>>> print(open('data.cif').read())   # mmCIF, C-alpha atoms
data_my_file
#
loop_
_atom_site.label_atom_id
_atom_site.label_comp_id
_atom_site.auth_asym_id
_atom_site.auth_seq_id
_atom_site.Cartn_x
_atom_site.Cartn_y
_atom_site.Cartn_z
CA MET A 1 0.34 -3.36 -10.54
CA GLY A 2 3.07 -5.44 -8.91
CA PRO A 3 4.96 -6.17 -5.73
CA THR A 4 7.24 -3.59 -4.18
CA ALA A 5 10.64 -3.17 -5.92
CA SER A 6 9.44 -4.85 -9.12
CA GLY A 7 10.02 -1.88 -11.44
CA LYS A 8 6.52 -0.37 -11.71
CA THR A 9 7.58 3.28 -11.52
CA ALA A 10 10.38 2.99 -14.09
CA LEU A 11 8.10 1.30 -16.61
CA ALA A 12 5.31 3.81 -15.97
CA ILE A 13 7.63 6.75 -16.62
CA GLU A 14 8.77 5.13 -19.88
CA LEU A 15 5.14 4.76 -20.88
CA VAL A 16 4.37 8.42 -20.15
CA GLU A 17 7.23 9.40 -22.46
CA GLN A 18 5.83 7.24 -25.27
CA TYR A 19 2.08 7.49 -24.79
CA ASN A 20 -0.42 10.26 -24.07
CA CYS A 21 -1.13 9.34 -20.47
CA GLU A 22 -0.81 10.66 -16.92
CA ILE A 23 0.04 8.71 -13.77
CA ILE A 24 -2.29 8.27 -10.80
CA SER A 25 -0.45 6.73 -7.85
CA VAL A 26 -2.14 3.74 -6.24
CA ASP A 27 0.07 3.56 -3.15
CA SER A 28 -0.99 3.98 0.48
CA ALA A 29 2.51 5.14 1.48
CA LEU A 30 3.17 7.72 -1.24
CA ILE A 31 0.22 9.79 -0.05
CA TYR A 32 2.22 11.07 2.95
CA ARG A 33 4.26 14.26 2.89
CA GLY A 34 7.75 14.07 4.40
CA MET A 35 8.00 10.32 3.80
CA ASN A 36 10.05 10.24 0.63
CA ILE A 37 13.05 7.94 0.99
CA GLY A 38 11.47 5.00 2.79
CA THR A 39 8.47 4.92 0.46
CA ALA A 40 10.67 4.98 -2.69
CA LYS A 41 8.73 8.04 -3.80
CA PRO A 42 9.65 9.26 -7.31
CA ASN A 43 12.36 11.92 -7.12
CA LEU A 44 12.06 15.44 -8.53
CA GLN A 45 13.68 14.49 -11.82
CA GLU A 46 11.25 11.60 -12.29
CA LEU A 47 8.29 13.79 -11.34
CA ARG A 48 9.32 16.39 -13.92
CA LYS A 49 9.24 13.68 -16.58
CA ALA A 50 6.02 12.14 -15.31
CA PRO A 51 3.93 14.01 -12.73
CA HIS A 52 2.09 11.72 -10.31
CA ARG A 53 -1.34 12.43 -8.93
CA LEU A 54 -2.30 11.38 -5.37
CA ILE A 55 1.16 11.64 -3.85
CA ASN A 56 1.99 14.07 -1.02
CA ILE A 57 -1.71 14.64 -0.30
CA ARG A 58 -1.80 13.81 3.43
CA ASP A 59 0.18 14.67 6.54
CA PRO A 60 1.51 11.54 8.35
CA LEU A 61 -0.85 12.39 11.20
CA GLU A 62 -3.91 11.99 8.97
CA SER A 63 -5.73 8.83 7.94
CA TYR A 64 -6.66 7.86 4.39
CA SER A 65 -9.01 5.03 3.48
CA ALA A 66 -9.74 2.99 0.39
CA ALA A 67 -12.95 5.00 0.11
CA ASP A 68 -10.96 8.25 0.18
CA PHE A 69 -8.72 6.86 -2.54
CA ARG A 70 -11.65 5.83 -4.72
CA THR A 71 -13.19 9.30 -4.50
CA ASP A 72 -9.89 11.03 -5.32
CA ALA A 73 -8.97 8.59 -8.08
CA LEU A 74 -12.33 8.92 -9.85
CA LEU A 75 -11.97 12.72 -9.86
CA ALA A 76 -8.42 12.41 -11.21
CA ILE A 77 -9.52 9.96 -13.92
CA GLU A 78 -12.29 12.30 -15.07
CA ASP A 79 -9.90 15.26 -15.18
CA ILE A 80 -7.25 13.37 -17.14
CA LEU A 81 -9.81 12.11 -19.64
CA ALA A 82 -11.18 15.64 -20.05
CA GLN A 83 -7.67 16.72 -21.10
CA GLY A 84 -7.66 14.07 -23.83
CA LYS A 85 -5.19 11.81 -22.02
CA LYS A 86 -5.38 8.26 -20.69
CA PRO A 87 -5.18 7.66 -16.93
CA LEU A 88 -2.32 5.33 -15.96
CA LEU A 89 -2.82 3.83 -12.50
CA VAL A 90 0.43 2.64 -10.95
CA GLY A 91 1.09 1.09 -7.55
CA GLY A 92 0.98 -1.89 -5.27
CA THR A 93 -1.84 -1.16 -2.82
CA MET A 94 -4.13 -3.88 -4.00
CA MET A 95 -7.05 -2.88 -1.78
CA TYR A 96 -7.10 0.50 -3.52
CA PHE A 97 -7.20 -1.16 -6.94
CA LYS A 98 -9.99 -3.47 -5.80
CA ALA A 99 -12.02 -0.59 -4.36
CA LEU A 100 -11.65 1.41 -7.57
CA LEU A 101 -12.47 -1.42 -9.96
CA GLU A 102 -15.23 -3.21 -8.05
CA GLY A 103 -16.74 -0.51 -5.85
CA LEU A 104 -16.99 -0.40 -2.06
CA SER A 105 -19.38 -1.74 0.53
CA PRO A 106 -21.26 0.67 2.85
CA LEU A 107 -19.07 0.06 5.89
CA PRO A 108 -19.33 2.21 9.04
CA ALA A 109 -16.85 5.07 9.36
CA ALA A 110 -13.82 4.61 11.58
CA ASN A 111 -14.44 5.24 15.28
CA ASP A 112 -11.47 6.45 17.33
CA SER A 113 -12.81 5.27 20.69
CA ILE A 114 -13.52 1.76 19.40
CA ARG A 115 -10.09 1.61 17.75
CA LYS A 116 -8.39 2.66 20.99
CA GLN A 117 -10.36 0.01 22.85
CA ILE A 118 -9.25 -2.67 20.36
CA GLN A 119 -5.64 -1.45 20.55
CA SER A 120 -5.74 -1.64 24.36
CA GLU A 121 -7.10 -5.18 24.22
CA ALA A 122 -4.35 -6.16 21.79
CA GLU A 123 -1.68 -4.71 24.08
CA LEU A 124 -3.15 -6.55 27.06
CA HIS A 125 -3.98 -9.91 25.48
CA GLY A 126 -2.16 -9.95 22.11
CA TRP A 127 -3.52 -9.83 18.56
CA GLN A 128 -4.25 -13.56 18.59
CA TYR A 129 -6.93 -12.81 21.20
CA LEU A 130 -8.63 -10.42 18.75
CA HIS A 131 -8.22 -12.94 15.93
CA ASP A 132 -9.99 -15.55 18.07
CA GLU A 133 -12.85 -13.07 18.51
CA LEU A 134 -12.98 -12.50 14.77
CA THR A 135 -13.07 -16.26 14.19
CA ARG A 136 -16.22 -16.44 16.33
CA ILE A 137 -18.04 -13.49 14.75
CA ASP A 138 -16.76 -13.69 11.15
CA PRO A 139 -14.96 -16.95 10.29
CA VAL A 140 -14.75 -16.05 6.59
CA SER A 141 -12.78 -12.85 7.30
CA ALA A 142 -10.70 -14.62 9.96
CA GLU A 143 -9.63 -17.17 7.35
CA ARG A 144 -8.12 -14.50 5.08
CA ILE A 145 -6.83 -12.04 7.71
CA HIS A 146 -3.64 -13.16 9.44
CA PRO A 147 -3.25 -12.59 13.21
CA ASN A 148 -0.08 -10.62 12.39
CA ASP A 149 -2.02 -8.12 10.24
CA PRO A 150 -3.22 -5.71 12.98
CA GLN A 151 -4.62 -3.04 10.67
CA ARG A 152 -7.05 -5.30 8.81
CA LEU A 153 -7.78 -7.38 11.91
CA SER A 154 -8.62 -4.29 13.94
CA ARG A 155 -10.89 -2.97 11.19
CA ALA A 156 -12.82 -6.25 10.90
CA VAL A 157 -13.46 -6.34 14.65
CA GLU A 158 -14.30 -2.62 14.67
CA VAL A 159 -16.91 -3.05 11.91
CA HIS A 160 -18.71 -5.74 13.89
CA ARG A 161 -18.68 -3.74 17.12
CA LEU A 162 -20.04 -0.67 15.35
CA SER A 163 -22.70 -2.31 13.17
CA GLY A 164 -23.46 -5.64 14.80
CA LYS A 165 -22.80 -7.24 11.40
CA SER A 166 -19.71 -8.99 10.10
CA LEU A 167 -17.43 -7.61 7.43
CA THR A 168 -18.44 -10.59 5.27
CA GLU A 169 -22.15 -9.68 5.55
CA LEU A 170 -21.60 -6.02 4.77
CA THR A 171 -19.31 -6.55 1.79
CA VAL A 172 -22.04 -8.39 -0.13
CA VAL A 173 -23.46 -4.97 -1.12
CA LYS A 174 -21.18 -2.69 -3.15
CA SER A 175 -21.26 0.63 -4.95
CA ALA A 176 -21.05 0.75 -8.73
CA PRO A 177 -17.88 -0.65 -10.36
CA LEU A 178 -15.48 1.52 -12.36
CA PRO A 179 -17.44 2.77 -15.40
CA TYR A 180 -14.50 2.57 -17.82
CA ASP A 181 -12.76 -0.10 -19.86
CA VAL A 182 -9.39 -1.03 -18.37
CA VAL A 183 -6.28 -2.90 -19.47
CA GLN A 184 -4.46 -4.45 -16.53
CA PHE A 185 -0.78 -5.37 -16.20
CA ALA A 186 1.28 -6.84 -13.39
CA ILE A 187 5.08 -6.73 -13.35
CA SER A 188 7.31 -8.97 -11.25
CA PRO A 189 10.46 -11.10 -11.55
CA LYS A 190 9.73 -14.74 -12.28
CA ASP A 191 12.25 -15.82 -9.66
CA ARG A 192 11.27 -14.91 -6.09
CA LYS A 193 14.96 -14.77 -5.16
CA VAL A 194 15.51 -11.95 -7.65
CA LEU A 195 12.71 -9.95 -6.04
CA HIS A 196 14.10 -10.60 -2.56
CA LEU A 197 17.53 -9.39 -3.65
CA SER A 198 16.03 -6.26 -5.23
CA ILE A 199 14.18 -5.51 -2.00
CA GLU A 200 17.34 -5.85 0.08
CA GLU A 201 19.45 -3.76 -2.29
CA ARG A 202 16.82 -1.03 -2.46
CA PHE A 203 16.49 -0.78 1.31
CA LYS A 204 20.26 -0.53 1.73
CA LEU A 205 20.26 2.24 -0.90
CA MET A 206 17.57 4.05 1.09
CA LEU A 207 19.83 3.95 4.13
CA THR A 208 22.65 5.62 2.20
CA GLN A 209 20.18 8.26 0.99
CA GLY A 210 19.31 9.25 4.56
CA PHE A 211 16.34 7.09 5.55
CA VAL A 212 17.26 7.01 9.26
CA GLU A 213 17.53 10.80 9.26
CA GLU A 214 14.11 11.00 7.61
CA VAL A 215 12.56 8.95 10.42
CA GLU A 216 14.41 11.05 13.02
CA LEU A 217 12.71 14.17 11.65
CA LEU A 218 9.32 12.47 11.90
CA ARG A 219 10.01 11.41 15.50
CA GLU A 220 10.71 15.04 16.41
CA ARG A 221 7.03 15.79 15.82
CA ILE A 222 5.50 15.06 19.21
CA GLU A 223 2.04 14.49 17.74
CA LEU A 224 3.27 11.54 15.68
CA ASN A 225 3.56 8.07 17.17
CA ILE A 226 4.49 4.57 16.07
CA ASP A 227 0.88 3.33 16.02
CA LEU A 228 -0.35 5.71 13.31
CA PRO A 229 -1.17 4.14 9.92
CA SER A 230 1.62 6.19 8.32
CA MET A 231 4.19 4.69 10.66
CA ARG A 232 3.02 1.19 9.80
CA CYS A 233 4.62 1.60 6.36
CA VAL A 234 7.36 -1.01 6.03
CA GLY A 235 10.71 0.22 7.28
CA TYR A 236 9.36 3.21 9.21
CA ARG A 237 8.10 1.25 12.19
CA GLN A 238 11.30 -0.80 12.37
CA CYS A 239 13.50 2.29 12.12
CA TRP A 240 11.42 4.09 14.76
CA GLN A 241 11.91 1.12 17.12
CA TYR A 242 15.65 1.17 16.40
CA LEU A 243 15.79 4.87 17.29
CA ASP A 244 13.86 4.06 20.47
CA GLY A 245 16.66 1.62 21.36
CA GLU A 246 14.56 -1.52 21.05
CA TYR A 247 17.21 -3.18 18.90
CA ASP A 248 20.47 -2.45 17.12
CA TYR A 249 21.10 -1.14 13.60
CA ASP A 250 21.74 -4.53 11.97
CA THR A 251 18.55 -5.94 13.48
CA MET A 252 16.62 -2.93 12.18
CA VAL A 253 17.93 -3.56 8.67
CA GLU A 254 17.08 -7.25 8.85
CA LYS A 255 13.57 -6.64 10.21
CA SER A 256 12.87 -3.96 7.59
CA VAL A 257 13.94 -6.20 4.73
CA VAL A 258 11.88 -9.11 6.10
CA ALA A 259 8.81 -6.88 6.50
CA THR A 260 9.19 -5.63 2.92
CA ARG A 261 9.48 -9.18 1.62
CA GLN A 262 6.33 -10.12 3.51
CA LEU A 263 4.55 -7.16 1.92
CA ALA A 264 5.68 -8.34 -1.54
CA LYS A 265 4.39 -11.83 -0.76
CA ARG A 266 0.96 -10.45 0.17
CA GLN A 267 0.86 -8.37 -3.01
CA LEU A 268 1.71 -11.39 -5.15
CA THR A 269 -0.97 -13.43 -3.40
CA TRP A 270 -3.54 -10.79 -4.40
CA LEU A 271 -2.26 -10.72 -7.98
CA ARG A 272 -2.28 -14.48 -8.53
CA GLY A 273 -6.05 -14.47 -8.18
CA TRP A 274 -6.59 -11.22 -10.10
CA PRO A 275 -8.81 -11.51 -13.21
CA GLU A 276 -7.88 -10.31 -16.71
CA LEU A 277 -4.26 -9.64 -15.87
CA ASN A 278 -1.40 -9.39 -18.38
CA TRP A 279 1.90 -10.42 -16.76
CA LEU A 280 5.24 -8.74 -17.48
CA GLU A 281 8.64 -9.92 -16.28
CA SER A 282 10.75 -7.31 -14.49
CA GLY A 283 13.77 -6.05 -16.39
CA LEU A 284 12.75 -7.07 -19.91
CA ASP A 285 13.34 -4.51 -22.67
CA SER A 286 10.16 -5.72 -24.39
CA ASN A 287 7.83 -4.63 -21.55
CA LEU A 288 7.14 -1.16 -22.92
CA THR A 289 6.39 -2.56 -26.38
CA GLU A 290 4.07 -5.15 -24.85
CA VAL A 291 2.12 -2.53 -22.92
CA LEU A 292 1.84 -0.24 -25.95
CA ARG A 293 0.64 -3.17 -28.05
CA HIS A 294 -2.39 -3.54 -25.78
CA CYS A 295 -3.08 0.19 -25.52
CA ARG A 296 -3.19 1.18 -29.17
#
>>> encode(input="data.cif", output="structure tokens")
Amino acid sequence: MGPTASGKTALAIELVEQYNCEIISVDSALIYRGMNIGTAKPNLQELRKAPHRLINIRDPLESYSAADFRTDALLAIEDILAQGKKPLLVGGTMMYFKALLEGLSPLPAANDSIRKQIQSEAELHGWQYLHDELTRIDPVSAERIHPNDPQRLSRAVEVHRLSGKSLTELTVVKSAPLPYDVVQFAISPKDRKVLHLSIEERFKLMLTQGFVEEVELLRERIELNIDLPSMRCVGYRQCWQYLDGEYDYDTMVEKSVVATRQLAKRQLTWLRGWPELNWLESGLDSNLTEVLRHCR
């Protein structure tokens, strides 16, 4: 586990070369086909060295939930174990990790009409209006969900409108936890400034690799729009808005970097409270040895 741009993929590929394991991606952006540069998806050379499961499994038009991930990941884990290998779960989508390890609550399925209604209310009144509603119906969830997190905020309100119960009430009951022993690692620079610099440098590299052109190709698909979950991936929404003429190139770069840093901050917040976690510092030559020490 770890924040974006912390070196997870590089370390995972090293581990595959030294240990009998296979990677399962735990990343809500890498699932989408045609979104390669902006998601920092492993390139063909890296995938030849270390194939990744659960990447390129959805069209950007499709949705994919934590429950979908849990189902797919459990099947992948069983298959890898049947081949005599160890599953290596790598990524930064903390909700996916939580769903896999702890199980999921029996929440109602997504409802397009309710979601459109919530989206319309947000466009008319603003997301703070919906957050105020959530505060009334589910103060516990409202405390941990920021008004600027529309995806989670919308889902919490949707759950209450569909079931008449709050997200907090429904999450008391969960399915069975992961039935395997796990060793958990998180990798990150100790200095936040180092991570911020890595994020900025990586995004500028993406631009030289053709990120804007990648988003242009996505925009050519008339069925895609900026409000889809796929287009909420950091960088894509900002680039889409730039191509729509909402702001200039430099502003797009700045907003994309800021959004990525905010994502990293949320990931680190999750990890600081994560139980049974072994911490690694990004860039250390000893990281591979440390991981292998725990796995043998």
>>> atom_distance(input="data.cif", atom1="atom CA of Gly91 of chain A", atom2="atom CA of Lys190 of chain A")
18.6 Å
>>> residues_around(input="data.cif", residues="Thr9 of chain A", least_positions_apart="6", cutoff="10 Å", atoms="only C-alpha atoms", output="tab-separated table (two decimals) with C-alpha atoms, in the coordinates of the input")
chain	number	residue	atom	x	y	z
A	1	MET	CA	0.34	-3.36	-10.54
A	15	LEU	CA	5.14	4.76	-20.88
A	23	ILE	CA	0.04	8.71	-13.77
A	25	SER	CA	-0.45	6.73	-7.85
A	40	ALA	CA	10.67	4.98	-2.69
A	41	LYS	CA	8.73	8.04	-3.80
A	42	PRO	CA	9.65	9.26	-7.31
A	46	GLU	CA	11.25	11.60	-12.29
A	50	ALA	CA	6.02	12.14	-15.31
A	90	VAL	CA	0.43	2.64	-10.95
A	91	GLY	CA	1.09	1.09	-7.55
>>> closest_residue(input="data.cif", among="A:Leu271, A:Leu228, A:Val212, A:Leu104", to="Val172 of chain A", atoms="only C-alpha atoms")
A:Leu104
>>> residues_around(input="data.cif", residues="Glu169 of chain A", least_positions_apart="5", cutoff="10 Å", atoms="only C-alpha atoms", output="ChimeraX atom specification")
/A:105,138,140,160
>>> atom_distance(input="data.cif", atom1="atom CA of Tyr96 of chain A", atom2="atom CA of Pro179 of chain A")
15.9 Å
>>> residues_around(input="data.cif", residues="Val253 of chain A", least_positions_apart="6", cutoff="9 Å", atoms="only C-alpha atoms", output="PyMOL selection string")
chain A and resi 200+203-204+207+235+238-239
>>> resolve_selection(input="data.cif", expression="the PyMOL selection byres ((chain A and resi 34) around 8)", output="PyMOL selection string")
chain A and resi 32-33+35-36+56+59-60+214+218
>>> atom_distance(input="data.cif", atom1="atom CA of Glu290 of chain A", atom2="atom CA of Arg272 of chain A")
19.8 Å
>>> resolve_selection(input="data.cif", expression="the PyMOL selection byres ((chain A and resi 229) around 9)", output="PyMOL selection string")
chain A and resi 60-64+151+226-228+230-233
>>> decode(input="data.cif", residues="segment 114-141 of chain A", atoms="N, CA and C atoms", output="PDB file, in the first residue's frame")
ATOM      1  N   ILE A 114     -31.726   7.910  -8.596  1.00  0.00           N
ATOM      2  CA  ILE A 114     -31.414   8.614  -7.343  1.00  0.00           C
ATOM      3  C   ILE A 114     -30.116   9.391  -7.496  1.00  0.00           C
ATOM      4  N   ARG A 115     -29.113   8.788  -8.143  1.00  0.00           N
ATOM      5  CA  ARG A 115     -27.834   9.472  -8.327  1.00  0.00           C
ATOM      6  C   ARG A 115     -27.991  10.725  -9.177  1.00  0.00           C
ATOM      7  N   LYS A 116     -28.824  10.637 -10.222  1.00  0.00           N
ATOM      8  CA  LYS A 116     -29.059  11.819 -11.062  1.00  0.00           C
ATOM      9  C   LYS A 116     -29.775  12.903 -10.278  1.00  0.00           C
ATOM     10  N   GLN A 117     -30.694  12.499  -9.419  1.00  0.00           N
ATOM     11  CA  GLN A 117     -31.404  13.451  -8.571  1.00  0.00           C
ATOM     12  C   GLN A 117     -30.435  14.163  -7.634  1.00  0.00           C
ATOM     13  N   ILE A 118     -29.533  13.403  -7.020  1.00  0.00           N
ATOM     14  CA  ILE A 118     -28.540  13.992  -6.110  1.00  0.00           C
ATOM     15  C   ILE A 118     -27.608  14.927  -6.875  1.00  0.00           C
ATOM     16  N   GLN A 119     -27.182  14.502  -8.065  1.00  0.00           N
ATOM     17  CA  GLN A 119     -26.306  15.337  -8.889  1.00  0.00           C
ATOM     18  C   GLN A 119     -27.007  16.646  -9.258  1.00  0.00           C
ATOM     19  N   SER A 120     -28.277  16.579  -9.592  1.00  0.00           N
ATOM     20  CA  SER A 120     -29.033  17.792  -9.944  1.00  0.00           C
ATOM     21  C   SER A 120     -29.135  18.736  -8.750  1.00  0.00           C
ATOM     22  N   GLU A 121     -29.355  18.174  -7.571  1.00  0.00           N
ATOM     23  CA  GLU A 121     -29.429  18.989  -6.360  1.00  0.00           C
ATOM     24  C   GLU A 121     -28.082  19.661  -6.071  1.00  0.00           C
ATOM     25  N   ALA A 122     -27.012  18.906  -6.306  1.00  0.00           N
ATOM     26  CA  ALA A 122     -25.676  19.474  -6.080  1.00  0.00           C
ATOM     27  C   ALA A 122     -25.404  20.622  -7.055  1.00  0.00           C
ATOM     28  N   GLU A 123     -25.807  20.448  -8.309  1.00  0.00           N
ATOM     29  CA  GLU A 123     -25.604  21.510  -9.302  1.00  0.00           C
ATOM     30  C   GLU A 123     -26.435  22.745  -8.985  1.00  0.00           C
ATOM     31  N   LEU A 124     -27.603  22.533  -8.396  1.00  0.00           N
ATOM     32  CA  LEU A 124     -28.490  23.644  -8.073  1.00  0.00           C
ATOM     33  C   LEU A 124     -28.086  24.344  -6.770  1.00  0.00           C
ATOM     34  N   HIS A 125     -27.764  23.547  -5.749  1.00  0.00           N
ATOM     35  CA  HIS A 125     -27.529  24.118  -4.418  1.00  0.00           C
ATOM     36  C   HIS A 125     -26.070  24.052  -3.954  1.00  0.00           C
ATOM     37  N   GLY A 126     -25.259  23.185  -4.608  1.00  0.00           N
ATOM     38  CA  GLY A 126     -23.879  22.984  -4.157  1.00  0.00           C
ATOM     39  C   GLY A 126     -23.766  21.748  -3.278  1.00  0.00           C
ATOM     40  N   TRP A 127     -22.563  21.188  -3.215  1.00  0.00           N
ATOM     41  CA  TRP A 127     -22.349  19.955  -2.437  1.00  0.00           C
ATOM     42  C   TRP A 127     -22.470  20.188  -0.934  1.00  0.00           C
ATOM     43  N   GLN A 128     -22.242  21.424  -0.480  1.00  0.00           N
ATOM     44  CA  GLN A 128     -22.404  21.705   0.944  1.00  0.00           C
ATOM     45  C   GLN A 128     -23.848  21.464   1.382  1.00  0.00           C
ATOM     46  N   TYR A 129     -24.785  21.745   0.489  1.00  0.00           N
ATOM     47  CA  TYR A 129     -26.208  21.507   0.757  1.00  0.00           C
ATOM     48  C   TYR A 129     -26.456  20.018   1.035  1.00  0.00           C
ATOM     49  N   LEU A 130     -25.837  19.153   0.219  1.00  0.00           N
ATOM     50  CA  LEU A 130     -25.976  17.705   0.432  1.00  0.00           C
ATOM     51  C   LEU A 130     -25.257  17.268   1.701  1.00  0.00           C
ATOM     52  N   HIS A 131     -24.121  17.919   1.987  1.00  0.00           N
ATOM     53  CA  HIS A 131     -23.387  17.573   3.211  1.00  0.00           C
ATOM     54  C   HIS A 131     -24.200  17.952   4.448  1.00  0.00           C
ATOM     55  N   ASP A 132     -24.917  19.066   4.373  1.00  0.00           N
ATOM     56  CA  ASP A 132     -25.791  19.458   5.483  1.00  0.00           C
ATOM     57  C   ASP A 132     -26.889  18.407   5.702  1.00  0.00           C
ATOM     58  N   GLU A 133     -27.415  17.883   4.587  1.00  0.00           N
ATOM     59  CA  GLU A 133     -28.414  16.815   4.695  1.00  0.00           C
ATOM     60  C   GLU A 133     -27.821  15.578   5.358  1.00  0.00           C
ATOM     61  N   LEU A 134     -26.611  15.220   4.942  1.00  0.00           N
ATOM     62  CA  LEU A 134     -25.945  14.063   5.516  1.00  0.00           C
ATOM     63  C   LEU A 134     -25.695  14.269   7.010  1.00  0.00           C
ATOM     64  N   THR A 135     -25.351  15.482   7.395  1.00  0.00           N
ATOM     65  CA  THR A 135     -25.127  15.781   8.813  1.00  0.00           C
ATOM     66  C   THR A 135     -26.384  15.509   9.636  1.00  0.00           C
ATOM     67  N   ARG A 136     -27.545  15.798   9.062  1.00  0.00           N
ATOM     68  CA  ARG A 136     -28.807  15.559   9.767  1.00  0.00           C
ATOM     69  C   ARG A 136     -29.139  14.074   9.872  1.00  0.00           C
ATOM     70  N   ILE A 137     -28.900  13.325   8.785  1.00  0.00           N
ATOM     71  CA  ILE A 137     -29.343  11.925   8.756  1.00  0.00           C
ATOM     72  C   ILE A 137     -28.266  10.946   9.235  1.00  0.00           C
ATOM     73  N   ASP A 138     -26.993  11.355   9.143  1.00  0.00           N
ATOM     74  CA  ASP A 138     -25.892  10.449   9.487  1.00  0.00           C
ATOM     75  C   ASP A 138     -24.675  11.271   9.913  1.00  0.00           C
ATOM     76  N   PRO A 139     -24.719  11.852  11.124  1.00  0.00           N
ATOM     77  CA  PRO A 139     -23.613  12.716  11.560  1.00  0.00           C
ATOM     78  C   PRO A 139     -22.255  12.025  11.624  1.00  0.00           C
ATOM     79  N   VAL A 140     -22.249  10.709  11.871  1.00  0.00           N
ATOM     80  CA  VAL A 140     -20.976   9.985  11.940  1.00  0.00           C
ATOM     81  C   VAL A 140     -20.293   9.977  10.565  1.00  0.00           C
ATOM     82  N   SER A 141     -21.067   9.650   9.517  1.00  0.00           N
ATOM     83  CA  SER A 141     -20.507   9.661   8.164  1.00  0.00           C
ATOM     84  C   SER A 141     -20.142  11.074   7.732  1.00  0.00           C
TER      85      SER A 141
END
